[in-house]
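**Student:** Sharing target-v1.txt here; it has compact mmCIF, C-alpha atoms.
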# COMPACT_ATOMS: atom_id res chain seq x y z
CA MET X 1 15.63 24.16 38.40
CA PRO X 2 18.38 26.52 37.08
CA ASP X 3 17.56 28.55 33.96
CA SER X 4 20.42 26.95 32.03
CA GLU X 5 19.02 23.49 32.68
CA LYS X 6 15.55 24.64 31.62
CA ARG X 7 17.01 25.95 28.36
CA ARG X 8 18.70 22.61 27.74
CA ARG X 9 15.47 20.72 28.41
CA LEU X 10 13.18 22.95 26.37
CA PRO X 11 14.11 21.54 22.94
CA ARG X 12 13.21 18.06 24.17
CA LEU X 13 9.71 19.33 24.86
CA LEU X 14 9.22 20.75 21.36
CA PRO X 15 7.89 17.52 19.77
CA ALA X 16 5.36 17.22 22.59
CA LEU X 17 4.37 20.88 22.23
CA VAL X 18 3.94 20.48 18.47
CA ALA X 19 1.81 17.38 19.03
CA ALA X 20 -0.30 19.22 21.61
CA ALA X 21 -0.87 22.13 19.21
CA PHE X 22 -1.91 19.67 16.50
CA VAL X 23 -4.42 17.98 18.80
CA LEU X 24 -5.80 21.35 19.87
CA LEU X 25 -6.35 22.37 16.25
CA HIS X 26 -8.21 19.13 15.56
CA VAL X 27 -10.38 19.66 18.62
CA VAL X 28 -11.33 23.07 17.19
CA GLY X 29 -12.00 21.49 13.80
CA TYR X 30 -13.90 18.49 15.18
CA PRO X 31 -17.39 19.80 14.19
CA ALA X 32 -16.23 19.97 10.56
CA THR X 33 -15.25 16.28 10.42
CA ARG X 34 -17.65 13.90 8.72
CA PHE X 35 -19.06 10.69 10.17
CA SER X 36 -19.18 8.82 6.88
CA ASN X 37 -20.67 5.54 5.68
CA ASP X 38 -17.39 3.81 6.53
CA SER X 39 -17.44 5.39 9.99
CA TYR X 40 -20.92 3.98 10.52
CA ARG X 41 -19.63 0.47 9.79
CA TYR X 42 -16.69 0.81 12.17
CA ALA X 43 -19.05 2.15 14.86
CA ARG X 44 -21.39 -0.78 14.39
CA GLN X 45 -18.50 -3.21 14.83
CA ALA X 46 -17.36 -1.35 17.94
CA TYR X 47 -20.81 -1.65 19.50
CA GLU X 48 -20.87 -5.37 18.68
CA PHE X 49 -17.49 -5.76 20.39
CA LEU X 50 -19.06 -4.06 23.41
CA GLY X 51 -21.71 -6.77 23.56
CA ASP X 52 -24.63 -5.23 21.69
CA SER X 53 -26.68 -7.42 19.40
CA PRO X 54 -26.27 -6.75 15.65
CA ARG X 55 -29.67 -5.07 15.59
CA GLU X 56 -28.90 -2.79 18.54
CA ALA X 57 -25.42 -2.03 17.23
CA THR X 58 -26.94 -1.05 13.89
CA ARG X 59 -29.49 1.20 15.60
CA LYS X 60 -26.81 3.03 17.60
CA ALA X 61 -24.51 3.42 14.60
CA VAL X 62 -27.35 4.71 12.43
CA ALA X 63 -28.30 7.20 15.14
CA ALA X 64 -24.71 8.49 15.23
CA TYR X 65 -24.60 8.76 11.45
CA CYS X 66 -27.95 10.56 11.22
CA ALA X 67 -27.10 12.98 14.03
CA ASP X 68 -23.85 13.94 12.34
CA THR X 69 -25.46 14.20 8.91
CA ALA X 70 -28.16 16.45 10.37
CA ARG X 71 -25.45 18.69 11.83
CA LEU X 72 -23.78 18.84 8.41
CA VAL X 73 -27.06 19.85 6.76
CA GLU X 74 -27.50 22.53 9.40
CA ARG X 75 -23.95 23.82 8.83
CA ASN X 76 -24.64 24.09 5.10
CA ARG X 77 -27.96 25.89 5.73
CA ARG X 78 -26.22 28.49 7.87
CA LEU X 79 -23.93 29.33 4.93
CA HIS X 80 -26.68 29.50 2.32
CA GLN X 81 -27.33 33.04 1.14
CA LEU X 82 -31.10 32.57 1.28
CA GLN X 83 -31.70 29.92 3.92
CA PHE X 84 -29.40 31.14 6.72
CA ARG X 85 -32.23 33.28 8.16
CA GLU X 86 -34.64 30.35 8.38
CA PRO X 87 -35.01 28.26 11.56
CA GLY X 88 -32.97 25.08 11.75
CA ARG X 89 -34.50 21.64 11.28
CA GLU X 90 -31.68 19.50 12.61
CA ALA X 91 -33.77 17.34 14.93
CA ALA X 92 -36.43 16.68 12.32
CA TYR X 93 -33.84 15.71 9.73
CA ALA X 94 -32.10 13.32 12.13
CA ALA X 95 -35.40 11.64 13.02
CA ARG X 96 -36.33 11.21 9.36
CA CYS X 97 -32.88 9.81 8.62
CA GLU X 98 -33.17 7.23 11.41
CA ARG X 99 -36.54 6.07 10.09
CA GLU X 100 -35.18 5.78 6.56
CA TYR X 101 -32.17 3.71 7.60
CA ALA X 102 -33.77 1.71 10.39
CA ARG X 103 -32.32 -1.49 8.91
CA GLY X 104 -28.86 -0.02 8.34
CA LEU X 105 -27.12 2.13 5.78
CA GLU X 106 -26.84 0.96 2.22
CA PRO X 107 -25.18 -0.96 0.71
CA THR X 108 -26.29 -3.95 2.73
CA ASP X 109 -24.99 -6.75 0.50
CA PRO X 110 -23.22 -9.39 2.64
CA ARG X 111 -20.22 -9.34 0.30
CA TYR X 112 -19.70 -5.66 1.06
CA GLU X 113 -20.13 -6.26 4.78
CA GLU X 114 -17.40 -8.92 4.67
CA ILE X 115 -14.85 -6.30 3.61
CA PHE X 116 -15.33 -4.49 6.93
CA HIS X 117 -15.58 -7.67 8.98
CA ALA X 118 -12.04 -8.40 7.78
CA ARG X 119 -10.86 -5.16 9.48
CA PRO X 120 -11.51 -5.68 13.19
CA GLY X 121 -8.45 -3.89 14.53
CA TYR X 122 -9.62 -0.28 14.48
CA PRO X 123 -13.15 -0.77 15.89
CA LEU X 124 -11.80 -3.17 18.52
CA LEU X 125 -9.27 -0.58 19.69
CA ALA X 126 -11.90 2.16 19.64
CA ALA X 127 -14.65 0.17 21.39
CA PRO X 128 -13.88 1.36 24.98
CA PHE X 129 -13.80 4.98 23.84
CA VAL X 130 -17.00 4.56 21.84
CA ALA X 131 -18.66 3.25 25.01
CA LEU X 132 -17.38 6.26 26.97
CA LEU X 133 -17.74 9.11 24.46
CA GLY X 134 -20.13 7.91 21.78
CA ALA X 135 -19.51 6.66 18.26
CA LYS X 136 -18.07 9.68 16.49
CA ALA X 137 -16.02 11.04 19.39
CA GLY X 138 -14.67 7.61 20.34
CA LEU X 139 -13.62 6.69 16.81
CA THR X 140 -12.14 10.14 16.23
CA LEU X 141 -10.16 10.07 19.48
CA VAL X 142 -8.41 6.84 18.51
CA ALA X 143 -7.73 7.99 14.96
CA LEU X 144 -6.39 11.34 16.17
CA ALA X 145 -4.16 9.68 18.78
CA CYS X 146 -2.75 7.39 16.09
CA VAL X 147 -1.93 10.15 13.62
CA THR X 148 -0.43 12.23 16.45
CA LEU X 149 1.79 9.27 17.27
CA ALA X 150 2.70 8.99 13.58
CA GLY X 151 4.08 12.51 13.64
CA TYR X 152 6.25 11.73 16.65
CA LEU X 153 7.45 8.53 14.96
CA VAL X 154 8.50 10.61 11.95
CA PHE X 155 10.54 12.75 14.35
CA ARG X 156 12.21 9.64 15.83
CA LEU X 157 12.82 8.18 12.38
CA LEU X 158 14.58 11.32 11.17
CA ARG X 159 16.69 11.43 14.32
CA ALA X 160 17.56 7.78 13.74
CA LEU X 161 18.84 8.91 10.33
CA ARG X 162 20.95 11.51 12.17
CA ALA X 163 18.95 14.44 10.86
CA PRO X 164 19.39 17.66 12.86
CA PRO X 165 16.74 18.28 15.52
CA ALA X 166 15.24 21.14 13.51
CA ALA X 167 14.88 18.92 10.44
CA ALA X 168 13.31 16.15 12.49
CA LEU X 169 10.86 18.61 14.02
CA LEU X 170 10.02 19.86 10.53
CA GLY X 171 9.17 16.30 9.52
CA GLN X 172 6.79 16.02 12.45
CA ILE X 173 5.15 19.31 11.53
CA LEU X 174 4.81 18.25 7.88
CA CYS X 175 3.05 15.10 9.02
CA TYR X 176 0.55 17.30 10.85
CA VAL X 177 -0.16 19.74 8.00
CA THR X 178 -0.50 17.35 5.04
CA PRO X 179 -3.39 15.04 4.05
CA LEU X 180 -1.82 12.43 6.35
CA ALA X 181 -3.35 14.39 9.21
CA SER X 182 -6.51 15.63 7.53
CA TRP X 183 -7.50 12.06 6.66
CA GLY X 184 -5.83 10.41 9.63
CA GLY X 185 -7.72 12.53 12.15
CA ARG X 186 -11.17 11.49 10.92
CA PRO X 187 -13.25 8.60 12.30
CA LEU X 188 -11.76 6.21 9.75
CA ALA X 189 -9.06 3.56 9.67
CA GLU X 190 -6.58 5.93 8.01
CA GLY X 191 -5.19 7.13 11.37
CA PRO X 192 -4.14 3.68 12.63
CA THR X 193 -2.96 2.76 9.13
CA ILE X 194 -0.65 5.78 8.87
CA ALA X 195 0.71 5.22 12.38
CA LEU X 196 1.50 1.57 11.63
CA MET X 197 3.10 2.40 8.28
CA THR X 198 5.33 4.94 10.02
CA THR X 199 6.17 2.35 12.67
CA LEU X 200 7.19 -0.12 9.98
CA LEU X 201 9.47 2.49 8.43
CA LEU X 202 11.12 3.22 11.77
CA ALA X 203 11.61 -0.51 12.35
CA SER X 204 13.07 -0.82 8.85
CA VAL X 205 15.59 1.94 9.62
CA TRP X 206 16.59 0.15 12.81
CA LEU X 207 17.07 -3.11 10.94
CA LEU X 208 19.10 -1.40 8.23
CA ARG X 209 21.24 0.09 11.02
CA ASN X 210 21.70 -3.49 12.31
CA ARG X 211 19.57 -2.98 15.43
CA VAL X 212 18.18 -6.43 14.92
CA LEU X 213 16.23 -7.28 18.09
CA PRO X 214 14.29 -4.01 18.61
CA GLY X 215 13.83 -3.62 14.86
CA ALA X 216 12.50 -7.15 14.39
CA VAL X 217 10.14 -6.91 17.37
CA LEU X 218 8.79 -3.52 16.29
CA PHE X 219 8.43 -4.61 12.67
CA THR X 220 6.61 -7.82 13.54
CA GLY X 221 4.25 -6.13 15.96
CA ALA X 222 3.40 -3.33 13.54
CA LEU X 223 2.78 -5.72 10.66
CA VAL X 224 0.54 -7.99 12.73
CA CYS X 225 -1.48 -4.98 13.91
CA GLY X 226 -1.62 -3.66 10.36
CA LEU X 227 -3.07 -6.91 9.05
CA ALA X 228 -5.77 -6.65 11.73
CA VAL X 229 -6.56 -3.03 10.79
CA ARG X 230 -6.54 -3.42 6.99
CA TYR X 231 -5.01 -6.67 5.85
CA SER X 232 -5.22 -5.98 2.09
CA SER X 233 -3.25 -2.73 2.42
CA PHE X 234 -0.56 -4.27 4.62
CA LEU X 235 -0.22 -7.25 2.30
CA VAL X 236 0.80 -4.72 -0.37
CA VAL X 237 3.07 -2.99 2.17
CA ALA X 238 4.81 -6.29 2.95
CA LEU X 239 5.28 -7.07 -0.75
CA PHE X 240 6.70 -3.62 -1.54
CA LEU X 241 9.04 -3.66 1.48
CA THR X 242 10.22 -7.11 0.41
CA ALA X 243 11.15 -5.68 -2.99
CA ALA X 244 12.94 -2.75 -1.31
CA ALA X 245 14.86 -4.99 1.11
CA VAL X 246 15.91 -7.47 -1.56
CA SER X 247 17.03 -4.64 -3.85
CA SER X 248 19.11 -3.22 -1.00
CA LEU X 249 20.79 -6.58 -0.38
CA LEU X 250 21.55 -6.98 -4.08
CA PHE X 251 22.87 -3.51 -4.84
CA VAL X 252 24.06 -1.94 -1.56
CA ARG X 253 26.93 -3.92 -0.10
CA SER X 254 26.93 -2.12 3.25
CA VAL X 255 23.53 -3.54 4.27
CA ARG X 256 24.43 -7.16 3.68
CA HIS X 257 24.30 -7.89 7.37
CA ARG X 258 21.89 -9.55 9.78
CA GLY X 259 19.58 -6.56 9.98
CA GLY X 260 19.22 -6.29 6.21
CA ARG X 261 18.51 -10.00 5.90
CA TRP X 262 16.00 -9.84 8.75
CA LEU X 263 14.19 -6.98 7.01
CA ALA X 264 13.89 -9.00 3.81
CA GLY X 265 12.86 -12.14 5.69
CA LEU X 266 10.26 -10.43 7.87
CA SER X 267 8.75 -8.58 4.91
CA ALA X 268 8.54 -11.69 2.76
CA GLY X 269 7.31 -13.78 5.68
CA GLY X 270 4.65 -11.19 6.46
CA ALA X 271 3.43 -11.23 2.87
CA LEU X 272 3.24 -15.03 2.83
CA ALA X 273 1.48 -15.04 6.20
CA ALA X 274 -1.07 -12.50 4.96
CA VAL X 275 -1.84 -14.60 1.89
CA ALA X 276 -2.13 -17.77 3.97
CA LEU X 277 -4.36 -16.00 6.49
CA SER X 278 -6.59 -14.70 3.73
CA LYS X 279 -6.98 -18.17 2.24
CA ALA X 280 -7.55 -19.86 5.58
CA LEU X 281 -10.20 -17.38 6.73
CA GLY X 282 -11.79 -16.90 3.32
CA LEU X 283 -11.23 -13.15 3.39
CA PRO X 284 -12.28 -11.04 0.40
CA GLY X 285 -9.62 -11.07 -2.32
CA THR X 286 -8.63 -8.96 -5.30
CA THR X 287 -11.49 -10.18 -7.48
CA ASP X 288 -13.99 -9.29 -4.75
CA SER X 289 -12.45 -5.83 -4.48
CA LEU X 290 -12.75 -5.26 -8.23
CA GLN X 291 -16.36 -6.42 -8.30
CA ASP X 292 -17.09 -4.12 -5.37
CA THR X 293 -15.69 -1.23 -7.42
CA PHE X 294 -17.46 -1.95 -10.68
CA THR X 295 -20.83 -2.92 -9.22
CA LEU X 296 -21.08 0.09 -6.88
CA HIS X 297 -20.79 -2.16 -3.83
CA TRP X 298 -22.88 -4.92 -5.41
CA THR X 299 -25.85 -2.69 -6.12
CA ARG X 300 -25.39 -3.66 -9.80
CA PRO X 301 -24.80 -7.06 -11.44
CA GLU X 302 -21.22 -8.34 -11.41
CA ILE X 303 -19.23 -7.80 -14.60
CA ALA X 304 -17.44 -10.50 -16.57
CA ASP X 305 -14.16 -8.66 -17.22
CA PRO X 306 -13.17 -6.70 -14.07
CA TRP X 307 -9.46 -6.71 -14.92
CA GLN X 308 -10.03 -5.23 -18.37
CA ALA X 309 -12.34 -2.65 -16.85
CA LEU X 310 -9.67 -1.81 -14.27
CA VAL X 311 -7.06 -1.17 -16.96
CA ARG X 312 -9.39 1.07 -18.98
CA LEU X 313 -10.50 3.05 -15.93
CA ASN X 314 -6.89 3.48 -14.79
CA LEU X 315 -5.91 4.94 -18.16
CA ASN X 316 -8.67 7.53 -17.80
CA TYR X 317 -8.00 8.15 -14.11
CA TRP X 318 -4.25 8.75 -14.26
CA GLU X 319 -4.43 10.84 -17.42
CA GLN X 320 -6.81 13.25 -15.73
CA TRP X 321 -4.95 13.04 -12.41
CA LEU X 322 -1.71 14.09 -14.10
CA GLN X 323 -3.46 16.95 -15.90
CA LYS X 324 -4.88 18.21 -12.62
CA GLU X 325 -1.55 17.89 -10.80
CA ALA X 326 0.24 19.69 -13.63
CA LEU X 327 -1.89 22.79 -12.96
CA ALA X 328 -0.72 22.94 -9.34
CA PRO X 329 2.25 20.53 -9.10
CA MET X 330 2.90 20.89 -5.38
CA LEU X 331 2.63 17.16 -4.72
CA LEU X 332 4.83 16.29 -7.71
CA PHE X 333 7.46 18.80 -6.59
CA LEU X 334 7.43 17.59 -2.99
CA LEU X 335 7.64 13.95 -4.11
CA ALA X 336 10.70 14.71 -6.24
CA ALA X 337 12.35 16.70 -3.44
CA GLY X 338 11.50 14.01 -0.90
CA VAL X 339 12.92 11.17 -2.98
CA TRP X 340 16.10 13.17 -3.60
CA GLY X 341 16.51 14.07 0.06
CA VAL X 342 16.15 10.58 1.49
CA TRP X 343 18.17 9.06 -1.38
CA GLN X 344 21.08 11.35 -0.60
CA ARG X 345 20.95 10.29 3.04
CA SER X 346 20.65 6.53 2.58
CA VAL X 347 19.81 4.50 -0.52
CA PRO X 348 18.36 1.49 1.37
CA VAL X 349 16.19 3.72 3.53
CA ALA X 350 15.10 5.60 0.42
CA LEU X 351 14.02 2.34 -1.18
CA CYS X 352 11.89 1.52 1.87
CA VAL X 353 10.35 5.00 2.07
CA VAL X 354 9.56 5.04 -1.66
CA ALA X 355 8.14 1.52 -1.40
CA MET X 356 5.86 2.57 1.45
CA GLY X 357 4.72 5.68 -0.39
CA ALA X 358 4.14 3.69 -3.57
CA THR X 359 1.56 1.58 -1.74
CA GLY X 360 -0.64 4.68 -1.88
CA PHE X 361 -0.47 4.81 -5.66
CA ALA X 362 -1.00 1.04 -5.80
CA THR X 363 -4.16 1.42 -3.72
CA ALA X 364 -5.44 4.16 -6.02
CA ALA X 365 -4.63 2.03 -9.07
CA ALA X 366 -6.63 -0.86 -7.58
CA HIS X 367 -9.56 1.51 -6.85
CA PRO X 368 -9.34 4.34 -9.41
CA LEU X 369 -12.26 6.30 -8.00
CA ALA X 370 -12.15 10.05 -8.55
CA VAL X 371 -14.64 10.61 -5.73
CA GLU X 372 -12.12 9.25 -3.18
CA LEU X 373 -9.32 11.41 -4.58
CA ASP X 374 -6.35 11.84 -2.19
CA ARG X 375 -7.70 9.51 0.49
CA LEU X 376 -6.74 6.49 -1.61
CA TYR X 377 -3.12 7.53 -2.15
CA VAL X 378 -2.60 9.39 1.13
CA ALA X 379 0.42 7.18 1.96
CA VAL X 380 2.45 8.88 -0.80
CA TRP X 381 2.76 11.90 1.52
CA LEU X 382 5.14 9.87 3.68
CA ILE X 383 7.79 10.44 1.00
CA PRO X 384 7.89 14.26 1.25
CA VAL X 385 7.25 14.23 5.00
CA ILE X 386 10.42 12.20 5.53
CA GLY X 387 12.47 13.27 2.52
CA VAL X 388 11.96 17.04 2.37
CA PRO X 389 13.51 17.73 5.82
CA LEU X 390 16.51 15.62 4.78
CA ALA X 391 16.77 17.55 1.52
CA LEU X 392 16.69 20.89 3.35
CA ALA X 393 19.26 19.66 5.86
CA ARG X 394 21.58 18.66 3.05
CA LEU X 395 21.18 22.00 1.27
CA THR X 396 21.60 24.21 4.35
CA GLN X 397 24.35 22.55 6.37
CA PRO X 398 28.04 22.27 5.56
CA ALA X 399 29.33 18.82 4.76
CA PRO X 400 32.32 17.04 6.27
CA GLU X 401 34.47 14.97 3.96
CA ARG X 402 32.98 11.50 3.90
CA SER X 403 32.59 8.56 1.57
CA PRO X 404 29.26 8.40 -0.34
CA ALA X 405 28.28 5.07 1.26
CA ALA X 406 28.98 6.18 4.80
CA GLU X 407 25.35 6.63 5.76
CA ASP X 408 24.53 3.14 4.48
CA ARG X 409 27.09 1.51 6.76
CA PRO X 410 25.42 -0.55 9.53
CA ALA X 411 25.58 0.85 13.02
CA THR X 412 27.61 -0.99 15.60
CA GLY X 413 25.81 0.06 18.75
CA ASP X 414 22.30 0.19 20.08
CA ASP X 415 21.84 3.96 19.86
CA ASP X 416 19.46 5.11 17.13
CA GLY X 417 21.56 8.14 16.39
CA ALA X 418 19.16 10.59 18.01
CA ALA X 419 21.87 12.19 20.13
CA GLU X 420 24.64 12.09 17.51
CA PRO X 421 25.81 15.11 15.51
CA GLU X 422 25.00 15.46 11.85
CA THR X 423 27.49 13.28 9.97
CA ALA X 424 25.81 12.49 6.66
CA SER X 425 27.64 12.98 3.40
CA ARG X 426 26.73 16.18 1.63
Take the structure I supplied and represent it as structure tokens, if you would.

**Tutor:**
Amino acid sequence: MPDSEKRRRLPRLLPALVAAAFVLLHVVGYPATRFSNDSYRYARQAYEFLGDSPREATRKAVAAYCADTARLVERNRRLHQLQFREPGREAAYAARCEREYARGLEPTDPRYEEIFHARPGYPLLAAPFVALLGAKAGLTLVALACVTLAGYLVFRLLRALRAPPAAALLGQILCYVTPLASWGGRPLAEGPTIALMTTLLLASVWLLRNRVLPGAVLFTGALVCGLAVRYSSFLVVALFLTAAAVSSLLFVRSVRHRGGRWLAGLSAGGALAAVALSKALGLPGTTDSLQDTFTLHWTRPEIADPWQALVRLNLNYWEQWLQKEALAPMLLFLLAAGVWGVWQRSVPVALCVVAMGATGFATAAAHPLAVELDRLYVAVWLIPVIGVPLALARLTQPAPERSPAAEDRPATGDDDGAAEPETASR
């Protein structure tokens, strides 16, 4: 292959190289990841999908949890200024842990178990890898693959918005260096959730560009998978995207086309379908979620006024959250820059991106638990990941003369804009 052709092809390999470097870093950091109580429950479901009895699935999941917890205790001992010289007791700790939790990890209330039974998507997808690699490695592999895909989808989304290749690559890198990756790469449902949220945003961009068929198919598939992974979160996603799509149709004339109407219809239809599915299957609802929060997973009696308690706890939570963020306002700054960047590129897309990010704050408001911290609102990082590269592109590149609404005009062809030159208004 001539050198000139190699040079032309090299930039196309950069997203893959960035993804490979990200995976390599997570392989190095794998021993530091935690197999948590939630991970145990996903592992148990995966073993049940593989055909194990509930008792055997519980035993295997407890063994994985205890082995990882013993390794964590050993890691901490090795850093202790007095204990690091002592011999390790990892095996003894793991054996004691397995005896203690022989009947499963607490909490064991059936109402708490139902919350995870309503999330079969992630453990079902991970089950073959759990069988091959074990609980922690199998769950982590799937989560890591999903968040790696999310970074590439950010790259494609920014190219669909006609961002320069360097800006699109920056978006992919930001996805890999923010809490989106640090949470998404753990043996939890965050990885699939982030990947599906990013997929929904890409599908929304396609629909807003009037790429109706691929956009509708991608949107529908991502929403269905999202409801299987974490139906309560994607119900909120569907509601917020409905609000964004309807606002676009009302206030942005250039998106009053088939794609814009399909986006509004699919979002609203998805929300209605999620509610109907929840009612038909008797899935845990908002009241159950609040009682779970205020009874410490039903280890305390249920309270009579969960909504009043939620309001009071939120007032305390957000006051202290804002105080903490004010001391190091990196997230606040990046959110502001991200909103500005994507708003300057396309108002309808900005509404969708902000709506998706706002689902993170909505989740935190529904579960204002300081111990969970940035895991609950991790989706808000989608705003700077997508918007900051657009803001930098606007600030660093010269602008052709163009009408302000040009970027909101629906596309007429099937190309997603990935190969087109930068033409956004500046």

**Student:** Report, in Å to a single decimal, how far apart CA of Ala150 (chain X) and CA of Ala337 (chain X) are.

**Tutor:**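 Computed distance, CA of Ala337 (chain X) to CA of Ala150 (chain X), equals 21.0 Å.
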
**Student:** How far is it from CA of Phe22 (chain X) to CA of Gly185 (chain X), in Å with one decimal?

**Tutor:**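 Between these atoms lies a distance of 10.2 Å.
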
**Student:** Env of region 305-320 of chain X: 7 Å cut, atoms = only C-alpha atoms, seq-sep filter 3 positions within chain, self excluded. Answer as an mmCIF file with C-alpha atoms, keeping the file's coordinate frame.

**Tutor:**
data_model
loop_
_atom_site.group_PDB
_atom_site.id
_atom_site.type_symbol
_atom_site.label_atom_id
_atom_site.label_comp_id
_atom_site.auth_asym_id
_atom_site.auth_seq_id
_atom_site.Cartn_x
_atom_site.Cartn_y
_atom_site.Cartn_z
ATOM 1 C CA LEU X 290 -12.750 -5.260 -8.230
ATOM 2 C CA GLN X 291 -16.360 -6.420 -8.300
ATOM 3 C CA GLN X 323 -3.460 16.950 -15.900
ATOM 4 C CA LYS X 324 -4.880 18.210 -12.620
ATOM 5 C CA ALA X 365 -4.630 2.030 -9.070
ATOM 6 C CA PRO X 368 -9.340 4.340 -9.410
#

**Student:** Within 9 Å of region 28-44 of chain X, which residues of region 137-195 of chain X show up? Give each one with its shortest atom-to-atom distance in Å (one decimal) and the two atoms involved, counting only C-alpha atoms, rows by chain then rising residue number, as a Markdown table.

**Tutor:**
| residue | atom | partner | partner_atom | distance |
| --- | --- | --- | --- | --- |
| X:Ala137 | CA | X:Tyr30 | CA | 8.8 |
| X:Gly138 | CA | X:Ala43 | CA | 8.9 |
| X:Leu139 | CA | X:Ala43 | CA | 7.3 |
| X:Thr140 | CA | X:Tyr30 | CA | 8.6 |
| X:Gly185 | CA | X:Thr33 | CA | 8.6 |
| X:Arg186 | CA | X:Thr33 | CA | 6.3 |
| X:Pro187 | CA | X:Ser39 | CA | 5.8 |
| X:Leu188 | CA | X:Ser39 | CA | 5.7 |
| X:Ala189 | CA | X:Tyr42 | CA | 8.5 |

**Student:** Ranking X:Thr287, X:Pro11, X:Arg345, X:Val62 by minimum distance to Ile303 (chain X) and counting all atoms listed in the file, which one comes first?

**Tutor:**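 Among X:Thr287, X:Pro11, X:Arg345, X:Val62, it is X:Thr287 that comes nearest to Ile303 (chain X).
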
**Student:** Please extract region 228-241 of chain X and write it out with N, CA, C and O atoms, as a PDB file, in the first residue's frame.

**Tutor:**
ATOM      1  N   ALA X 228     -35.530  -2.863  28.885  1.00  0.00           N
ATOM      2  CA  ALA X 228     -35.144  -4.168  29.430  1.00  0.00           C
ATOM      3  C   ALA X 228     -33.976  -4.047  30.412  1.00  0.00           C
ATOM      4  O   ALA X 228     -33.873  -4.824  31.357  1.00  0.00           O
ATOM      5  N   VAL X 229     -33.105  -3.063  30.194  1.00  0.00           N
ATOM      6  CA  VAL X 229     -31.945  -2.888  31.070  1.00  0.00           C
ATOM      7  C   VAL X 229     -32.336  -2.177  32.359  1.00  0.00           C
ATOM      8  O   VAL X 229     -31.955  -2.578  33.462  1.00  0.00           O
ATOM      9  N   ARG X 230     -33.109  -1.087  32.226  1.00  0.00           N
ATOM     10  CA  ARG X 230     -33.506  -0.303  33.411  1.00  0.00           C
ATOM     11  C   ARG X 230     -34.737   0.501  33.026  1.00  0.00           C
ATOM     12  O   ARG X 230     -34.639   1.667  32.643  1.00  0.00           O
ATOM     13  N   TYR X 231     -35.889  -0.121  33.132  1.00  0.00           N
ATOM     14  CA  TYR X 231     -37.097   0.465  32.555  1.00  0.00           C
ATOM     15  C   TYR X 231     -37.455   1.802  33.199  1.00  0.00           C
ATOM     16  O   TYR X 231     -37.937   2.717  32.520  1.00  0.00           O
ATOM     17  N   SER X 232     -37.238   1.962  34.510  1.00  0.00           N
ATOM     18  CA  SER X 232     -37.610   3.215  35.169  1.00  0.00           C
ATOM     19  C   SER X 232     -36.794   4.384  34.623  1.00  0.00           C
ATOM     20  O   SER X 232     -37.330   5.482  34.389  1.00  0.00           O
ATOM     21  N   SER X 233     -35.499   4.171  34.394  1.00  0.00           N
ATOM     22  CA  SER X 233     -34.652   5.238  33.853  1.00  0.00           C
ATOM     23  C   SER X 233     -35.064   5.605  32.438  1.00  0.00           C
ATOM     24  O   SER X 233     -35.116   6.793  32.077  1.00  0.00           O
ATOM     25  N   PHE X 234     -35.380   4.608  31.615  1.00  0.00           N
ATOM     26  CA  PHE X 234     -35.706   4.904  30.222  1.00  0.00           C
ATOM     27  C   PHE X 234     -37.147   5.385  30.059  1.00  0.00           C
ATOM     28  O   PHE X 234     -37.471   5.980  29.029  1.00  0.00           O
ATOM     29  N   LEU X 235     -37.985   5.172  31.052  1.00  0.00           N
ATOM     30  CA  LEU X 235     -39.275   5.845  31.059  1.00  0.00           C
ATOM     31  C   LEU X 235     -39.053   7.347  31.204  1.00  0.00           C
ATOM     32  O   LEU X 235     -39.663   8.154  30.481  1.00  0.00           O
ATOM     33  N   VAL X 236     -38.172   7.746  32.112  1.00  0.00           N
ATOM     34  CA  VAL X 236     -37.845   9.160  32.272  1.00  0.00           C
ATOM     35  C   VAL X 236     -37.186   9.707  31.008  1.00  0.00           C
ATOM     36  O   VAL X 236     -37.492  10.820  30.555  1.00  0.00           O
ATOM     37  N   VAL X 237     -36.296   8.924  30.400  1.00  0.00           N
ATOM     38  CA  VAL X 237     -35.657   9.336  29.145  1.00  0.00           C
ATOM     39  C   VAL X 237     -36.708   9.601  28.076  1.00  0.00           C
ATOM     40  O   VAL X 237     -36.666  10.631  27.382  1.00  0.00           O
ATOM     41  N   ALA X 238     -37.666   8.700  27.930  1.00  0.00           N
ATOM     42  CA  ALA X 238     -38.706   8.867  26.913  1.00  0.00           C
ATOM     43  C   ALA X 238     -39.541  10.113  27.189  1.00  0.00           C
ATOM     44  O   ALA X 238     -39.880  10.867  26.257  1.00  0.00           O
ATOM     45  N   LEU X 239     -39.874  10.361  28.443  1.00  0.00           N
ATOM     46  CA  LEU X 239     -40.659  11.550  28.794  1.00  0.00           C
ATOM     47  C   LEU X 239     -39.884  12.830  28.485  1.00  0.00           C
ATOM     48  O   LEU X 239     -40.436  13.774  27.906  1.00  0.00           O
ATOM     49  N   PHE X 240     -38.611  12.871  28.842  1.00  0.00           N
ATOM     50  CA  PHE X 240     -37.813  14.073  28.618  1.00  0.00           C
ATOM     51  C   PHE X 240     -37.567  14.308  27.127  1.00  0.00           C
ATOM     52  O   PHE X 240     -37.582  15.451  26.658  1.00  0.00           O
ATOM     53  N   LEU X 241     -37.327  13.230  26.371  1.00  0.00           N
ATOM     54  CA  LEU X 241     -37.152  13.399  24.923  1.00  0.00           C
ATOM     55  C   LEU X 241     -38.456  13.832  24.259  1.00  0.00           C
ATOM     56  O   LEU X 241     -38.432  14.565  23.265  1.00  0.00           O
TER      57      LEU X 241
END
